[in-house]
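Visitor: So that we are looking at the same thing, I have put the structure below in structure tokens.
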Amino acid sequence: MSQLSQLAETLIGSEIVRLGNEINSRIRNGEKIYNYTIGDFDPDIFPIPAELQAAVVKAYEEHYTNYPPADGVLELRHAISRFVKDTQGLDYAPNEIQIASGGRPLIYSLFRTVVDKGDKVIYAVPSWNNNHYTHMNEGTHCVIQTLAENNFMPAAKDIAPHIKDAALICLCTPQNPTGTTLDKKELEAICDLVLEENERRGQKKLYLMFDQMYCMLTYDNIHHYDPVSLRPEMKAYTIYIDGISKVFAATGVRVGWGMGPAHVMAKMRALLTHIGAWSPMPEQKATAEFFSQKQAISNYLDSFKKELEERLWRIYDGLVALKQKGFAVDSIAPQAAIYLTIKFDLAGKTTGSRVLETQSDVTDYLLNEAKLAVVPFYAFGAEKTSPWYRLSVGTCKKEEIDEMLEMLGLALQKLS
């Protein structure tokens, strides 16, 4: 075969998508698998808000099927401006808001806007896709290895030695894949690093990408903090990534937005005009209408979060019970999002004549013996030897949780 571009030849496809496709193929062939891999929702379990659905249908019926404006429908940008003011106290004008078909094109266009070839990009692992976006933009990877003791969130002291001449810092909280959050003190310290570094610099500034796609899905007393609320001066250097995909179980509706300095948004918009990754006109009109229905939003979130949290805690409690029985499993208590961080420290154990030599062997064993499909942290840039995994409850049926935990326990009993 002929050689393609260097990017095409070196780009690694999504491990999560690959694993998900493999699982779906086995399910289609009749195999019973507890599939907790993909960060998506089963619409039969978690439908989008009825008011949003009705508004989408209405927009199609009213023939809003032409191209949307390049920066997004104005009424939607006004609606988002009001929404973030109400929910976070943030002040963003419509010209500081860019609409796209979800978070991915916004993240890609941001990278293309602020990262030159060879520029340093700081990101923690495990984290979602920062390694791939850095590679696609020929940036220099500056990887922060995180620890379970910090809930797998980066610390300012770990970022500080690398901040000189970096182009972009990538933060996500609540975080995919861990379902954990960055606390106020740590985020304040990171913001202070950015402000101090930019005070030192000339024209080319250091920017912070702040992915808060799960910001409204926090549990118990967990609070979501954001850079500009903590340090108003950060508005000049922060680009928020947000959308309806996760908070309203609307992953297929494709409405995302970026918020940041107007001149950065303008350059991202210019890139998106060539990529064409616009959110569809009907979905934009519908989201604008839905955002005016505060009571409907509140009612939906109350129910949605309750259902997600119940699943997360039941699985967490089940894993704690297995740990107390002496099995090499662990978990971090649920904080946010739709994810549970879990640990299977099983490498080196044997089952019959077979030794689980690698973490990949452990993943396969869980799938084949417990019928449990979860995503290893090495799919998010962590070391191949990491025993930690992401479990997503977006497709989890409550009536199957006890059954899944029983199967897992039986599989663990077979190891020695």
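For the structure tokens, the naming scheme is as follows: chains receive sequential letters (A, B, ...) according to their order of presentation, residues are indexed from 1 within each chain, and ligands are indexed from 1 in presentation order.
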Using only C-alpha atoms, which protein or nucleic acid residues come within 12 Å of Asp302 of chain A? Drop anything in the same chain fewer than 3 positions from it, and give the result as an MDAnalysis selection string.
Guide: chainID A and resid 49 216:219 247:248 295:299 305:309
Visitor: With only C-alpha atoms as the counted atoms, please give the residues lying no more than 8 Å from Leu312 of chain A, apart from itself and same-chain residues fewer than 5 positions off, as a PyMOL selection string.
Guide: chain A and resi 334+338-340+393
Visitor: Restricted to C-alpha atoms, what would the selected residues look like written as a compact mmCIF listing (two decimals), in the first residue's frame?
Guide:
```
# COMPACT_ATOMS: atom_id res chain seq x y z
CA PRO A 334 -18.52 8.96 43.29
CA ILE A 338 -21.35 9.43 34.82
CA TYR A 339 -18.11 7.65 35.70
CA LEU A 340 -16.73 5.57 38.51
CA VAL A 393 -23.25 4.10 34.01
```
Visitor: Out of segment 153-369 of chain A, which residues get strand (DSSP E) from DSSP, as an MDAnalysis selection string?
Guide: chainID A and resid 166:172 207:211 238:243 256:259 329:331 339:344 350:351 354:355
Visitor: Separation of atom CA of Ile144 of chain A and atom CA of Ala124 of chain A, in Å?
Guide: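 It comes out at 4.3 Å.
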Visitor: Write out as a VMD selection string which residues come within 12 Å of Gly89 of chain A when counting only C-alpha atoms, dropping same-chain ones fewer than 2 positions away.
Guide: chain A and resid 81 to 87 91 to 92 225 to 230 232
